[in-house]
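Below is one structure, written out as structure tokens; comments come after it.
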Protein chains: 2
Amino acid sequence: MKLEVLSCSQRGERMPSSPIRTLQGAAESAKKRGIHVYHLNIGQPDIATPQAILQGFTRFNENVLEYSPSNGIPTLREAISGYFSRRRIAVHPDDIAVTVGGSEALLFSLAAVCDPGDEIIVPEPFYANYLGFATMLSVKVVPLPTIIDTGFHLPDRHFIEKYVTEKTRAILFSSPGNPTGTVFSKKELIDLAEIASRSGIYIIADEVYREFVYDLDTEFVSVLEFAEMTDHIIVTDSISKRFSSCGARIGCIISKNRAFMQVVEKFAQARLSPPTVGQVAAEAGYRMDPSYFEPIRREYRKRRDAVAEGLAFIPGAKFRVPEGAFYFMARLPLTDTQIFCRFLLTDFDYQGKTVMLAPGAGFYSTPGLGTDEVRIAYILEVKKLSEAMNIIRHGVQAYHKLTG
Amino acid sequence: MKLEVLSCSQRGERMPSSPIRTLQGAAESAKKRGIHVYHLNIGQPDIATPQAILQGFTRFNENVLEYSPSNGIPTLREAISGYFSRRRIAVHPDDIAVTVGGSEALLFSLAAVCDPGDEIIVPEPFYANYLGFATMLSVKVVPLPTIIDTGFHLPDRHFIEKYVTEKTRAILFSSPGNPTGTVFSKKELIDLAEIASRSGIYIIADEVYREFVYDLDTEFVSVLEFAEMTDHIIVTDSISKRFSSCGARIGCIISKNRAFMQVVEKFAQARLSPPTVGQVAAEAGYRMDPSYFEPIRREYRKRRDAVAEGLAFIPGAKFRVPEGAFYFMARLPLTDTQIFCRFLLTDFDYQGKTVMLAPGAGFYSTPGLGTDEVRIAYILEVKKLSEAMNIIRHGVQAYHKLTG
């Protein structure tokens, strides 16, 4: 018996901090100094939550707030099935397991297909929490490089195949993408599907932004449409962005692979139940008419275009107008956006206002990449966004003056 | 490139099914045959959820259902601190991270202290989902035997110490216990604390049943009272049973170990937020006066005594009246309670009614143990409980007649 210093687990130590929240302290200090901070750093939409969903909470009328079934309330699973049916995608309620947000959908999916030391291929830059969930499960993220010059679209199929090893269990991606806004084409998805089929690996497609596609010539294709290889296909979904219901914590896993879904159900049973009232609310959301999204898409499109216009006025900035989601991954004429983003909060304001951005490096696991990029979330109304973009322009000028 | 059959992960395959829900199909069939089924198999209380908590849902009045801070709404963390303060335990809001139920509190705690292959010692029988979370994280559960003859109290300290290896990271237990109802004495907890201190391991105490202690001569001691070894102490908590709010999915982790809490916060950031409205509701619960529990304790005490009386009328049944929680782990005069519990649902009724119980083996990870035990949850009113116990007595008789 010996006296030891207590340590945490290696996975705990390796666990990444959130790149989105890392500057929160500096933002709070700026606010205390009386400076108004526009938050373009987080994906928390400002769109009003639909009344139908809010009423799911306010009309809750049971005596006992009970657990729901582990894989979700049956009528919610039917409503999700109906949502996809209206989009001409056949998903049976038994193909759906309700989860605590898209977060738990990702955690369960990775745990169901990967053991410690296994690898997942993830196009980089990627949603930072993919690395978080993988680290929690001792799974290795193998980044697949994509670059701003090609709009963060996928490289050639033969290039991707070189990343597949004996340890590879899945390719994980989001489309429309966070942080890139990129929507993968049908051709790109078919390439991934062929790789998955040949290599005996899974495709885990995070489709939480599926409704947020802005141009008529951009076709959103769901991997759920690939009927001939359903055993390989796992989709993670969430109501957080779709119905502006981040705080409900309702998502789901969709797959027609029975063995996989049985494993997911065992994970789901262990944690007993997703939030009960949130599921009642989510059901109302999934039952809404698709026309609900039309004005929202128009609004986001205007915002996207406002950010593009703002970026065009920053000399040396590089970007491509993204097809979907509500993010730009833009290159700024700077060597270290981590320092710049902090500067905006600690040593700069323009007429009493400044902007909080997410430094790009947090969306890469390859050291040194993304250091001249920022993620801009367009989750404010156009007028505020345009003002924020103008503030960024002045911020870049001020930073250049300061650093020579 | 080769064509492969897609497999799931080993941890997914090894993941245990819920012993509580395993007979659900047989119960549904019984109901379809018109038989009334008393559910003593699950820990879903029938106690009305406090109005203050339900109003937290129905009065929610924001335009946008936003994420909360990852570690919980500050006023909820203050309310939890106040709850402990009223019980003369000093817990600072910074020592608290709000989680998605006690389930996530357990998952995060295990992930923060254990890597794949590490071991946790768990007094057996134990809450079945401990094994689930450990399996999900590729952590090994090392069962520490406790037996019905000593009321499932802990063995001698030197006996326990033999279970500590180089891979041991924590001792995990619930007190008051699920499935045993056993409340560990101060002496037992001091023994565990000394082992933890000497061996450099953590104590993870699941105190979700802390309010459910029924006798004046039973003192509930929280490990949070062990001020001299706070670095070793982790408590997992939940409002599910305490405030009859299972469906809210709100729990928390409490620890004064800063390094541990920082790792927990990284896990919490990855999944973004616990349910927002559920936290508003939970806050109302934690602010209630301790007198709220008095009639509830009286009610559960009556129920406990009704189960004890019912068991006393079953010849050959063995049990000890448990000190807390709302479970009995009882031995029946049978060799296989898995078969008996199924029999109750498929081939038996007494005046059109039967009972669903949880077979004991599901609460043991040691093969062959608990096969003559059942867990009885006393979550129905006394009259129904007494009737259910009478049905079990007739069921045992009928089963004996059938099996000779």
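Chain identifiers are assigned as A, B, and so on, following the order in which chains appear in the structure tokens; residues are numbered from 1 within each chain, and ligands are numbered from 1 in order of appearance.
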Proximity check chain A to chain B, 6 Å, nearest pairs one decimal Å, only C-alpha atoms, as a tab-separated table:
residue	atom	partner	partner_atom	distance
A:Met1	CA	B:Ser199	CA	5.7
A:Lys2	CA	B:Arg198	CA	5.9
A:Leu3	CA	B:Arg198	CA	5.6
A:Glu4	CA	B:Gly200	CA	4.9
A:Leu6	CA	B:Gly200	CA	5.9
A:Cys8	CA	B:Val113	CA	4.7
A:Ser9	CA	B:Val113	CA	4.5
A:Gly12	CA	B:Ala112	CA	5.0
A:Ser17	CA	B:Lys266	CA	5.6
A:Ala48	CA	B:Val64	CA	5.0
A:Thr49	CA	B:Val64	CA	5.0
A:Phe57	CA	B:Phe57	CA	5.6
A:Thr58	CA	B:Thr58	CA	3.6
A:Asn63	CA	B:Ala48	CA	5.4
A:Val64	CA	B:Thr49	CA	5.0
A:Leu65	CA	B:Ser245	CA	5.0
A:Glu66	CA	B:Gly247	CA	4.7
A:Tyr67	CA	B:Gly247	CA	4.3
A:Ser103	CA	B:Arg271	CA	5.2
A:Ala112	CA	B:Gly12	CA	5.0
A:Val113	CA	B:Ser9	CA	4.5
A:Cys114	CA	B:Ser9	CA	5.1
A:Asp115	CA	B:Ser9	CA	5.6
A:Asn129	CA	B:Ala270	CA	5.1
A:Gly132	CA	B:Ala270	CA	5.7
A:Arg198	CA	B:Leu3	CA	5.5
A:Ser199	CA	B:Met1	CA	5.7
A:Gly200	CA	B:Glu4	CA	4.9
A:Ser245	CA	B:Leu65	CA	5.0
A:Cys246	CA	B:Glu66	CA	5.2
A:Gly247	CA	B:Tyr67	CA	4.3
A:Ala248	CA	B:Pro275	CA	5.4
A:Arg249	CA	B:Pro275	CA	5.5
A:Val263	CA	B:Gly12	CA	5.5
A:Lys266	CA	B:Ser17	CA	5.6
A:Ala270	CA	B:Asn129	CA	5.1
A:Arg271	CA	B:Ser103	CA	5.2
A:Pro275	CA	B:Gly247	CA	5.4
A:Thr276	CA	B:Gly247	CA	4.9
Exercise for review: Assign secondary structure with DSSP using the backbone only, and return the residues of segment 216-261 of chain A in alpha helix (DSSP H) as a VMD selection string.
Suggested key: chain A and resid 258 to 261
Can those selected residues be exported to a file as a tab-separated table (two decimals), in the first residue's frame so that it contains all heavy atoms?
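Dumped everything to selection_39.tsv:
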chain	number	residue	atom	x	y	z
A	258	ARG	N	-30.02	-3.98	-38.22
A	258	ARG	CA	-30.68	-4.46	-37.00
A	258	ARG	C	-29.70	-4.74	-35.87
A	258	ARG	O	-29.96	-4.43	-34.70
A	258	ARG	CB	-31.49	-5.75	-37.27
A	258	ARG	CG	-32.64	-5.65	-38.27
A	258	ARG	CD	-33.56	-4.48	-38.12
A	258	ARG	NE	-34.05	-4.28	-36.78
A	258	ARG	CZ	-34.41	-3.10	-36.27
A	258	ARG	NH1	-34.30	-2.01	-36.99
A	258	ARG	NH2	-34.85	-3.00	-35.06
A	259	ALA	N	-28.58	-5.39	-36.19
A	259	ALA	CA	-27.60	-5.73	-35.15
A	259	ALA	C	-27.08	-4.46	-34.49
A	259	ALA	O	-26.97	-4.37	-33.26
A	259	ALA	CB	-26.45	-6.53	-35.75
A	260	PHE	N	-26.80	-3.46	-35.32
A	260	PHE	CA	-26.34	-2.17	-34.78
A	260	PHE	C	-27.41	-1.55	-33.89
A	260	PHE	O	-27.12	-1.08	-32.78
A	260	PHE	CB	-25.98	-1.24	-35.95
A	260	PHE	CG	-25.80	0.20	-35.55
A	260	PHE	CD1	-24.61	0.63	-35.00
A	260	PHE	CD2	-26.82	1.12	-35.73
A	260	PHE	CE1	-24.44	1.95	-34.62
A	260	PHE	CE2	-26.67	2.45	-35.36
A	260	PHE	CZ	-25.47	2.86	-34.80
A	261	MET	N	-28.65	-1.55	-34.34
A	261	MET	CA	-29.72	-0.91	-33.56
A	261	MET	C	-29.96	-1.66	-32.25
A	261	MET	O	-30.37	-1.05	-31.25
A	261	MET	CB	-31.01	-0.82	-34.38
A	261	MET	CG	-30.94	0.19	-35.52
A	261	MET	SD	-30.56	1.90	-34.99
A	261	MET	CE	-32.16	2.44	-34.35
Using only C-alpha atoms, which residues sit within 10 Å of segment 145-149 of chain B once same-chain residues fewer than 6 positions away are excluded, as a short mmCIF file (atom, residue, chain, number, x, y, z; two decimals) with C-alpha atoms, in the first residue's frame?
data_model
loop_
_atom_site.label_atom_id
_atom_site.label_comp_id
_atom_site.auth_asym_id
_atom_site.auth_seq_id
_atom_site.Cartn_x
_atom_site.Cartn_y
_atom_site.Cartn_z
CA VAL B 122 -18.38 -2.74 -6.93
CA PRO B 123 -20.16 -4.44 -4.00
CA GLU B 124 -22.37 -7.14 -5.52
CA PRO B 125 -25.37 -7.27 -6.08
CA PHE B 126 -25.30 -3.83 -7.72
CA PRO B 155 -17.21 -7.54 4.38
CA ILE B 160 -11.98 -5.78 0.62
CA THR B 180 -30.49 -4.16 -1.71
CA LYS B 318 -35.47 -15.31 3.08
CA PHE B 319 -35.03 -11.58 3.48
CA ARG B 320 -33.88 -8.84 5.81
CA MET B 329 -33.54 -8.25 -2.53
CA ALA B 330 -35.27 -11.43 -1.34
CA ARG B 331 -34.44 -15.11 -1.69
CA TYR B 364 -24.78 -9.87 -10.21
CA THR B 366 -20.59 -13.29 -11.07
CA LEU B 369 -25.09 -15.83 -8.16
CA GLY B 370 -28.50 -14.38 -7.36
CA GLU B 373 -33.24 -14.02 -5.58
#
Point to revise | 10 Å contact set for Ile203 of chain A, only C-alpha atoms, chain neighbours under 6 positions out, as a ChimeraX atom specification | key: /A:120-121,169-173,189,192-193,195-197,223,230-235
Next, the residues of the selection above should be written as a short mmCIF file (atom, residue, chain, number, x, y, z; two decimals), in the first residue's frame with N, CA, C and O atoms.
data_model
loop_
_atom_site.label_atom_id
_atom_site.label_comp_id
_atom_site.auth_asym_id
_atom_site.auth_seq_id
_atom_site.Cartn_x
_atom_site.Cartn_y
_atom_site.Cartn_z
N ILE A 120 -11.53 6.17 -36.74
CA ILE A 120 -12.57 6.71 -37.61
C ILE A 120 -11.93 7.78 -38.49
O ILE A 120 -11.09 8.56 -38.02
N ILE A 121 -12.30 7.78 -39.76
CA ILE A 121 -11.81 8.80 -40.69
C ILE A 121 -12.80 9.96 -40.69
O ILE A 121 -14.01 9.74 -40.84
N ARG A 169 -13.00 1.80 -38.69
CA ARG A 169 -14.35 1.25 -38.47
C ARG A 169 -15.42 2.08 -39.13
O ARG A 169 -16.53 1.59 -39.37
N ALA A 170 -15.13 3.35 -39.41
CA ALA A 170 -16.18 4.21 -39.95
C ALA A 170 -15.58 5.47 -40.55
O ALA A 170 -14.46 5.87 -40.23
N ILE A 171 -16.37 6.07 -41.47
CA ILE A 171 -16.11 7.43 -41.92
C ILE A 171 -17.23 8.29 -41.32
O ILE A 171 -18.41 7.97 -41.49
N LEU A 172 -16.84 9.33 -40.61
CA LEU A 172 -17.81 10.21 -39.94
C LEU A 172 -17.70 11.61 -40.53
O LEU A 172 -16.60 12.15 -40.66
N PHE A 173 -18.85 12.18 -40.90
CA PHE A 173 -18.83 13.55 -41.45
C PHE A 173 -20.18 14.21 -41.22
O PHE A 173 -21.18 13.55 -40.95
N LEU A 189 -20.80 11.43 -52.06
CA LEU A 189 -21.38 10.45 -51.14
C LEU A 189 -21.29 9.04 -51.71
O LEU A 189 -21.04 8.07 -50.98
N LEU A 192 -17.87 7.75 -51.05
CA LEU A 192 -17.73 7.28 -49.66
C LEU A 192 -18.43 5.95 -49.48
O LEU A 192 -17.92 5.04 -48.82
N ALA A 193 -19.61 5.83 -50.07
CA ALA A 193 -20.37 4.58 -49.95
C ALA A 193 -19.60 3.41 -50.55
O ALA A 193 -19.55 2.32 -49.97
N ILE A 195 -16.35 3.17 -50.89
CA ILE A 195 -15.22 2.87 -49.99
C ILE A 195 -15.71 2.06 -48.79
O ILE A 195 -15.11 1.05 -48.41
N ALA A 196 -16.83 2.47 -48.22
CA ALA A 196 -17.37 1.78 -47.05
C ALA A 196 -17.74 0.35 -47.39
O ALA A 196 -17.45 -0.59 -46.64
N SER A 197 -18.37 0.20 -48.55
CA SER A 197 -18.81 -1.13 -48.97
C SER A 197 -17.63 -2.06 -49.19
O SER A 197 -17.59 -3.19 -48.73
N VAL A 223 -27.63 10.01 -47.09
CA VAL A 223 -27.13 8.65 -47.26
C VAL A 223 -28.23 7.62 -47.02
O VAL A 223 -28.08 6.46 -47.39
N THR A 230 -27.75 -0.53 -46.94
CA THR A 230 -28.29 0.02 -45.70
C THR A 230 -27.55 -0.47 -44.45
O THR A 230 -27.56 0.23 -43.44
N ASP A 231 -26.93 -1.65 -44.51
CA ASP A 231 -26.22 -2.14 -43.32
C ASP A 231 -25.07 -1.22 -42.91
O ASP A 231 -24.67 -1.20 -41.75
N HIS A 232 -24.55 -0.48 -43.87
CA HIS A 232 -23.39 0.37 -43.59
C HIS A 232 -23.77 1.76 -43.08
O HIS A 232 -22.90 2.51 -42.66
N ILE A 233 -25.04 2.09 -43.20
CA ILE A 233 -25.45 3.49 -43.04
C ILE A 233 -26.00 3.79 -41.65
O ILE A 233 -26.93 3.15 -41.18
N ILE A 234 -25.41 4.79 -41.03
CA ILE A 234 -25.89 5.31 -39.73
C ILE A 234 -26.05 6.82 -39.90
O ILE A 234 -25.14 7.50 -40.37
N VAL A 235 -27.22 7.34 -39.53
CA VAL A 235 -27.44 8.78 -39.57
C VAL A 235 -27.68 9.29 -38.14
O VAL A 235 -28.43 8.67 -37.38
#
